[in-house]
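Okay, so here's the structure we're looking at.
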Amino acid sequence: MTVKAARMSCITPNIYAKVPDGGWGWIVAFAFFFIEALTYGIIKSFGVFFTDLVESFDETNSRISWIISICVFVLTFTAPLSTVLSNRFGHRMIVMLGGVLISTGMVAGSFARTVVEMYLSIGIVSGFGYCLAFLPTVTILSQYFDKKRSLVTAVASTGECFAVFSFAPAITAFKEHFGWRNALLFVGLLQLGIIACGSLLRPIIVKTQEEVKVSPAEEQRETKYMLENEQTRTSIDSIDSGVEVTTSPSNKHRDARLELKSEEEPKEITKVLIEASSIPNKEPKIQLLDFSVMKDYSFICYALFGLFATLGFFAPSLYIIPLSMSLGIDKDRSAYILSAMAIAEVFGRISAGWVLNRKPIRKIYIELICVILLDLALFAFPFAYEFWGLMMCSIFFGFMLGTVAGTHIPMLAEDDVVGIEKMSSAAGVYIFVQSLSGLAGPPLAGMLVDTTKNYRSAFYSCAAGMLLAAVFLSLVRPCKKVLCQSRKQPADETVSEPLHDIPDDFIEADLGKSEDSVRGCDSMA
């Protein structure tokens, strides 16, 4: 019984009356930490193989950059498919499948003889696996937390930072002794750990209470209003979001009986009233992918922010080692620069999570400030000409990157963007939009490097993209405020005119659906 019960407890969903803000969510956060380390941590550490691949395949910087570029493109382009599959088959199974694909692609890449084979193995196979492993994990983690969501997600996402800090020197030392192919093979086998982490992702179901408890005073008030309406020969029934009023002469003969019966069973009448007005007859059908978020102008601006910000996410970690080596810094010290960037990113993620977890605070403005500072860090790289200059720029960039990278996806769950109800679909569409810059970013930087013969030019392209990202991020909240005002105005006109003679306490339950439509807008005030 104990073995079977333990096994079933890890398979069956967790059912809560409200978002737990903990519980099994801590295990999910633990799994997300290692999945981050074995996905984005490896992608950011891939720069240690850059010069080896250029020499081994005798290719240009731009063509080698396409390996990571294709990987990031497939990761982001297939995000909607990952959302559909995880909603259909469950997050656990899809993440475990992603772990198999990631490891298979990396192991196959270690035996590649041409750069095209690297495009297929690491770019396409592993890239698709990265998407299947990462997106469902961050989605289910957001479902386990509400008040602590920003802080927990930021801390758990530091897995990629610790991975870069530890993997960059370790892989560099490993490939110096055993060659880059054996090092890549080792990385592929290590990524099988994603399968074990995926098995810990228990699904969560949040069920609201079906029966609403009403105090005795409220019960008597509701019963009184029902009796008054019956005595005036008016029957009020709630139909969806409207109110239907019918008049019946036969109600005269039922007045006395109803008054007697209501004294004995007031709870039953109140229960019928509440059920008719606030409890839906059918559960809504779950959509595998909700593209209605594309009608939200605030989300469109946020997606464009992600599109241009992606230009600055991956190229610096890919080109920082070649830039340092071009300045005469040896390989070992160059790897430490990348490690310092990763450690600073840890503090950036934790700091951003702590700040965003404080209330009241407008989180979208905090993220905008972080994006502007991140852009300044990118502009600072070309002005560094020696080891300590690059080290300071890397630390500043890493800290600011952590504040943005750890919060830009969980920010979708905030009312300023789309809200937690549409988080899953919005995340799929958002990462899909990022695919274009994920594909074009590293090759664009590589093309500039090949043209100018200077690795500094790669950082200029990243800074220009981040500047455009800041512009679109600044438009998110104004677009949301305009949308909320357009929704509130017709709702107010509908409510105020026909119902002004009915007591406020009585119509409160019947207007629940109208209030829900603008609840997200109320938080904008």
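Starting from 1 in every chain, residues are counted up; chains themselves are A, B, ... following the order of the structure tokens, and ligands are numbered from 1 as listed.
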For Gly41 (chain A), work out the shell of residues within 9 Å, counting only C-alpha atoms and skipping chain neighbours fewer than 6 positions away, then give it as a CSV table (one decimal) with C-alpha atoms, in the first residue's frame.
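The new file around20.csv reads:
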```csv
chain,number,residue,atom,x,y,z
A,35,ILE,CA,15.6,22.6,-15.7
A,159,GLY,CA,19.4,27.9,-12.0
A,160,GLU,CA,20.7,29.0,-15.4
A,161,CYS,CA,23.1,31.5,-13.7
A,162,PHE,CA,24.6,28.9,-11.4
A,163,ALA,CA,24.9,26.7,-14.5
A,164,VAL,CA,26.8,29.3,-16.4
A,165,PHE,CA,29.0,30.0,-13.4
A,167,PHE,CA,29.6,25.0,-16.5
```
Problem set entry | Distance in Å - CA of Lys422 (chain A) versus CA of Cys197 (chain A) |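 Distance reported for this atom pair: 25.3 Å.
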Exercise. Which distance in Å separates CA of Ser45 (chain A) and CA of Met411 (chain A), to one decimal?
Worked result: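 Taking CA of Ser45 (chain A) and CA of Met411 (chain A), their separation equals 25.7 Å.
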Need the shell around region 103-109 of chain A: protein/DNA/RNA residues with any atom at most 7 Å away, counting only C-alpha atoms. Skip same-chain ones fewer than 5 positions apart. Format as a PDB file with N, CA and C atoms, in the first residue's frame?
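Final file, selection08.pdb:
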```
ATOM      1  N   MET A 118      25.268  20.107 -37.281  1.00  0.00           N
ATOM      2  CA  MET A 118      25.054  20.784 -35.999  1.00  0.00           C
ATOM      3  C   MET A 118      23.747  21.578 -36.021  1.00  0.00           C
ATOM      4  N   SER A 121      21.024  18.795 -35.479  1.00  0.00           N
ATOM      5  CA  SER A 121      21.016  18.112 -34.179  1.00  0.00           C
ATOM      6  C   SER A 121      20.775  19.082 -33.027  1.00  0.00           C
ATOM      7  N   ILE A 122      21.682  20.046 -32.857  1.00  0.00           N
ATOM      8  CA  ILE A 122      21.551  20.983 -31.742  1.00  0.00           C
ATOM      9  C   ILE A 122      20.499  22.047 -32.044  1.00  0.00           C
ATOM     10  N   VAL A 125      16.643  19.644 -33.230  1.00  0.00           N
ATOM     11  CA  VAL A 125      16.204  18.608 -32.270  1.00  0.00           C
ATOM     12  C   VAL A 125      16.292  19.123 -30.840  1.00  0.00           C
ATOM     13  N   SER A 126      17.475  19.587 -30.438  1.00  0.00           N
ATOM     14  CA  SER A 126      17.613  20.105 -29.069  1.00  0.00           C
ATOM     15  C   SER A 126      16.778  21.366 -28.861  1.00  0.00           C
ATOM     16  N   LEU A 184      31.066  17.968 -25.331  1.00  0.00           N
ATOM     17  CA  LEU A 184      29.682  18.116 -25.778  1.00  0.00           C
ATOM     18  C   LEU A 184      28.875  16.845 -25.505  1.00  0.00           C
ATOM     19  N   LEU A 185      29.511  15.683 -25.653  1.00  0.00           N
ATOM     20  CA  LEU A 185      28.851  14.413 -25.339  1.00  0.00           C
ATOM     21  C   LEU A 185      28.494  14.345 -23.853  1.00  0.00           C
ATOM     22  N   GLY A 188      25.465  16.463 -23.169  1.00  0.00           N
ATOM     23  CA  GLY A 188      24.237  15.806 -23.621  1.00  0.00           C
ATOM     24  C   GLY A 188      23.748  14.750 -22.647  1.00  0.00           C
ATOM     25  N   LEU A 189      24.661  13.968 -22.091  1.00  0.00           N
ATOM     26  CA  LEU A 189      24.272  12.947 -21.111  1.00  0.00           C
ATOM     27  C   LEU A 189      23.802  13.594 -19.805  1.00  0.00           C
ATOM     28  N   GLN A 191      22.185  16.289 -19.521  1.00  0.00           N
ATOM     29  CA  GLN A 191      20.843  16.855 -19.707  1.00  0.00           C
ATOM     30  C   GLN A 191      19.725  15.825 -19.599  1.00  0.00           C
ATOM     31  N   LEU A 192      20.067  14.555 -19.449  1.00  0.00           N
ATOM     32  CA  LEU A 192      19.046  13.542 -19.166  1.00  0.00           C
ATOM     33  C   LEU A 192      18.391  13.783 -17.808  1.00  0.00           C
TER      34      LEU A 192
END
```
Exercise. Skipping near chain neighbours, those fewer than 4 positions away, what residues fall within 8 Å of Phe134 (chain A) using only C-alpha atoms, listed as a PyMOL selection string?
Worked result: chain A and resi 35-36+39+95+130+138
Residue subset to file, keeping C-alpha atoms, as a PDB file, in the first residue's frame:
```pdb
ATOM      1  CA  ILE A  35      15.559  22.555 -15.679  1.00  0.00           C
ATOM      2  CA  GLU A  36      16.697  26.180 -16.065  1.00  0.00           C
ATOM      3  CA  THR A  39      18.338  24.360 -20.702  1.00  0.00           C
ATOM      4  CA  VAL A  95       8.762  18.094 -20.127  1.00  0.00           C
ATOM      5  CA  TYR A 130      14.272  23.094 -24.936  1.00  0.00           C
ATOM      6  CA  VAL A 138       7.418  27.991 -15.898  1.00  0.00           C
TER       7      VAL A 138
END
```
Problem set entry | Gap from CA of Gly328 (chain A) to CA of Gly389 (chain A) - Å, one decimal | 13.3 Å
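Distances from A:Leu368, A:Gly312, A:Gly22, A:Gly406 to Val346 (chain A) were compared using only C-alpha atoms, and the smallest one belongs to A:Gly406.
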Problem set entry | Near-Phe128 (chain A) list (12 Å; only C-alpha atoms; drop same-chain fewer than 6 positions) as a PyMOL selection string | chain A and resi 39+70-82+94-95+97-105+120-122+134-135
Write out the residues from the selection above, keeping N, CA and C atoms, as a PDB file, in the first residue's frame.
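Contents of again32.pdb, as written:
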```pdb
ATOM      1  N   THR A  39      18.839  23.849 -19.421  1.00  0.00           N
ATOM      2  CA  THR A  39      18.338  24.360 -20.702  1.00  0.00           C
ATOM      3  C   THR A  39      19.025  25.696 -21.035  1.00  0.00           C
ATOM      4  N   ILE A  70      19.510  29.062 -34.620  1.00  0.00           N
ATOM      5  CA  ILE A  70      18.450  28.121 -34.998  1.00  0.00           C
ATOM      6  C   ILE A  70      17.844  27.487 -33.754  1.00  0.00           C
ATOM      7  N   CYS A  71      18.691  27.169 -32.780  1.00  0.00           N
ATOM      8  CA  CYS A  71      18.206  26.561 -31.533  1.00  0.00           C
ATOM      9  C   CYS A  71      17.223  27.488 -30.829  1.00  0.00           C
ATOM     10  N   VAL A  72      17.592  28.765 -30.701  1.00  0.00           N
ATOM     11  CA  VAL A  72      16.716  29.726 -30.033  1.00  0.00           C
ATOM     12  C   VAL A  72      15.449  29.964 -30.856  1.00  0.00           C
ATOM     13  N   PHE A  73      15.606  29.993 -32.184  1.00  0.00           N
ATOM     14  CA  PHE A  73      14.443  30.194 -33.042  1.00  0.00           C
ATOM     15  C   PHE A  73      13.438  29.048 -32.885  1.00  0.00           C
ATOM     16  N   VAL A  74      13.916  27.810 -32.934  1.00  0.00           N
ATOM     17  CA  VAL A  74      13.024  26.657 -32.777  1.00  0.00           C
ATOM     18  C   VAL A  74      12.406  26.663 -31.386  1.00  0.00           C
ATOM     19  N   LEU A  75      13.205  27.030 -30.376  1.00  0.00           N
ATOM     20  CA  LEU A  75      12.703  27.101 -28.995  1.00  0.00           C
ATOM     21  C   LEU A  75      11.511  28.043 -28.901  1.00  0.00           C
ATOM     22  N   THR A  76      11.633  29.205 -29.529  1.00  0.00           N
ATOM     23  CA  THR A  76      10.576  30.208 -29.416  1.00  0.00           C
ATOM     24  C   THR A  76       9.446  30.000 -30.429  1.00  0.00           C
ATOM     25  N   PHE A  77       9.803  29.552 -31.640  1.00  0.00           N
ATOM     26  CA  PHE A  77       8.807  29.397 -32.697  1.00  0.00           C
ATOM     27  C   PHE A  77       7.800  28.301 -32.370  1.00  0.00           C
ATOM     28  N   THR A  78       8.241  27.254 -31.688  1.00  0.00           N
ATOM     29  CA  THR A  78       7.355  26.127 -31.363  1.00  0.00           C
ATOM     30  C   THR A  78       6.657  26.294 -30.019  1.00  0.00           C
ATOM     31  N   ALA A  79       6.743  27.488 -29.416  1.00  0.00           N
ATOM     32  CA  ALA A  79       6.112  27.706 -28.108  1.00  0.00           C
ATOM     33  C   ALA A  79       4.603  27.460 -28.124  1.00  0.00           C
ATOM     34  N   PRO A  80       3.840  27.934 -29.144  1.00  0.00           N
ATOM     35  CA  PRO A  80       2.406  27.602 -29.155  1.00  0.00           C
ATOM     36  C   PRO A  80       2.142  26.110 -29.209  1.00  0.00           C
ATOM     37  N   LEU A  81       2.964  25.373 -29.962  1.00  0.00           N
ATOM     38  CA  LEU A  81       2.795  23.920 -30.016  1.00  0.00           C
ATOM     39  C   LEU A  81       3.051  23.303 -28.650  1.00  0.00           C
ATOM     40  N   SER A  82       4.047  23.824 -27.943  1.00  0.00           N
ATOM     41  CA  SER A  82       4.318  23.328 -26.597  1.00  0.00           C
ATOM     42  C   SER A  82       3.133  23.586 -25.673  1.00  0.00           C
ATOM     43  N   ILE A  94       5.200  16.146 -21.285  1.00  0.00           N
ATOM     44  CA  ILE A  94       5.830  16.967 -22.315  1.00  0.00           C
ATOM     45  C   ILE A  94       7.239  17.381 -21.884  1.00  0.00           C
ATOM     46  N   VAL A  95       7.431  17.720 -20.609  1.00  0.00           N
ATOM     47  CA  VAL A  95       8.762  18.094 -20.127  1.00  0.00           C
ATOM     48  C   VAL A  95       9.720  16.912 -20.211  1.00  0.00           C
ATOM     49  N   LEU A  97       9.511  14.402 -22.309  1.00  0.00           N
ATOM     50  CA  LEU A  97       9.804  14.226 -23.731  1.00  0.00           C
ATOM     51  C   LEU A  97      10.839  15.249 -24.198  1.00  0.00           C
ATOM     52  N   GLY A  98      10.724  16.477 -23.697  1.00  0.00           N
ATOM     53  CA  GLY A  98      11.706  17.503 -24.035  1.00  0.00           C
ATOM     54  C   GLY A  98      13.097  17.127 -23.576  1.00  0.00           C
ATOM     55  N   GLY A  99      13.213  16.523 -22.389  1.00  0.00           N
ATOM     56  CA  GLY A  99      14.525  16.085 -21.903  1.00  0.00           C
ATOM     57  C   GLY A  99      15.160  15.049 -22.815  1.00  0.00           C
ATOM     58  N   VAL A 100      14.344  14.131 -23.330  1.00  0.00           N
ATOM     59  CA  VAL A 100      14.864  13.106 -24.254  1.00  0.00           C
ATOM     60  C   VAL A 100      15.381  13.755 -25.540  1.00  0.00           C
ATOM     61  N   LEU A 101      14.615  14.711 -26.086  1.00  0.00           N
ATOM     62  CA  LEU A 101      15.026  15.359 -27.333  1.00  0.00           C
ATOM     63  C   LEU A 101      16.287  16.205 -27.139  1.00  0.00           C
ATOM     64  N   ILE A 102      16.376  16.909 -26.021  1.00  0.00           N
ATOM     65  CA  ILE A 102      17.560  17.740 -25.765  1.00  0.00           C
ATOM     66  C   ILE A 102      18.820  16.886 -25.717  1.00  0.00           C
ATOM     67  N   SER A 103      18.761  15.811 -24.938  1.00  0.00           N
ATOM     68  CA  SER A 103      19.926  14.938 -24.809  1.00  0.00           C
ATOM     69  C   SER A 103      20.285  14.283 -26.141  1.00  0.00           C
ATOM     70  N   THR A 104      19.270  13.851 -26.888  1.00  0.00           N
ATOM     71  CA  THR A 104      19.521  13.213 -28.183  1.00  0.00           C
ATOM     72  C   THR A 104      20.218  14.171 -29.140  1.00  0.00           C
ATOM     73  N   GLY A 105      19.757  15.411 -29.192  1.00  0.00           N
ATOM     74  CA  GLY A 105      20.364  16.391 -30.087  1.00  0.00           C
ATOM     75  C   GLY A 105      21.798  16.716 -29.717  1.00  0.00           C
ATOM     76  N   LEU A 120      21.074  20.703 -37.579  1.00  0.00           N
ATOM     77  CA  LEU A 120      19.965  19.746 -37.446  1.00  0.00           C
ATOM     78  C   LEU A 120      19.886  19.171 -36.039  1.00  0.00           C
ATOM     79  N   SER A 121      21.024  18.795 -35.479  1.00  0.00           N
ATOM     80  CA  SER A 121      21.016  18.112 -34.179  1.00  0.00           C
ATOM     81  C   SER A 121      20.775  19.082 -33.027  1.00  0.00           C
ATOM     82  N   ILE A 122      21.682  20.046 -32.857  1.00  0.00           N
ATOM     83  CA  ILE A 122      21.551  20.983 -31.742  1.00  0.00           C
ATOM     84  C   ILE A 122      20.499  22.047 -32.044  1.00  0.00           C
ATOM     85  N   PHE A 134      11.088  23.820 -21.088  1.00  0.00           N
ATOM     86  CA  PHE A 134      11.083  25.070 -20.327  1.00  0.00           C
ATOM     87  C   PHE A 134       9.692  25.660 -20.134  1.00  0.00           C
ATOM     88  N   LEU A 135       8.947  25.863 -21.224  1.00  0.00           N
ATOM     89  CA  LEU A 135       7.688  26.611 -21.147  1.00  0.00           C
ATOM     90  C   LEU A 135       6.644  25.952 -20.243  1.00  0.00           C
TER      91      LEU A 135
END
```
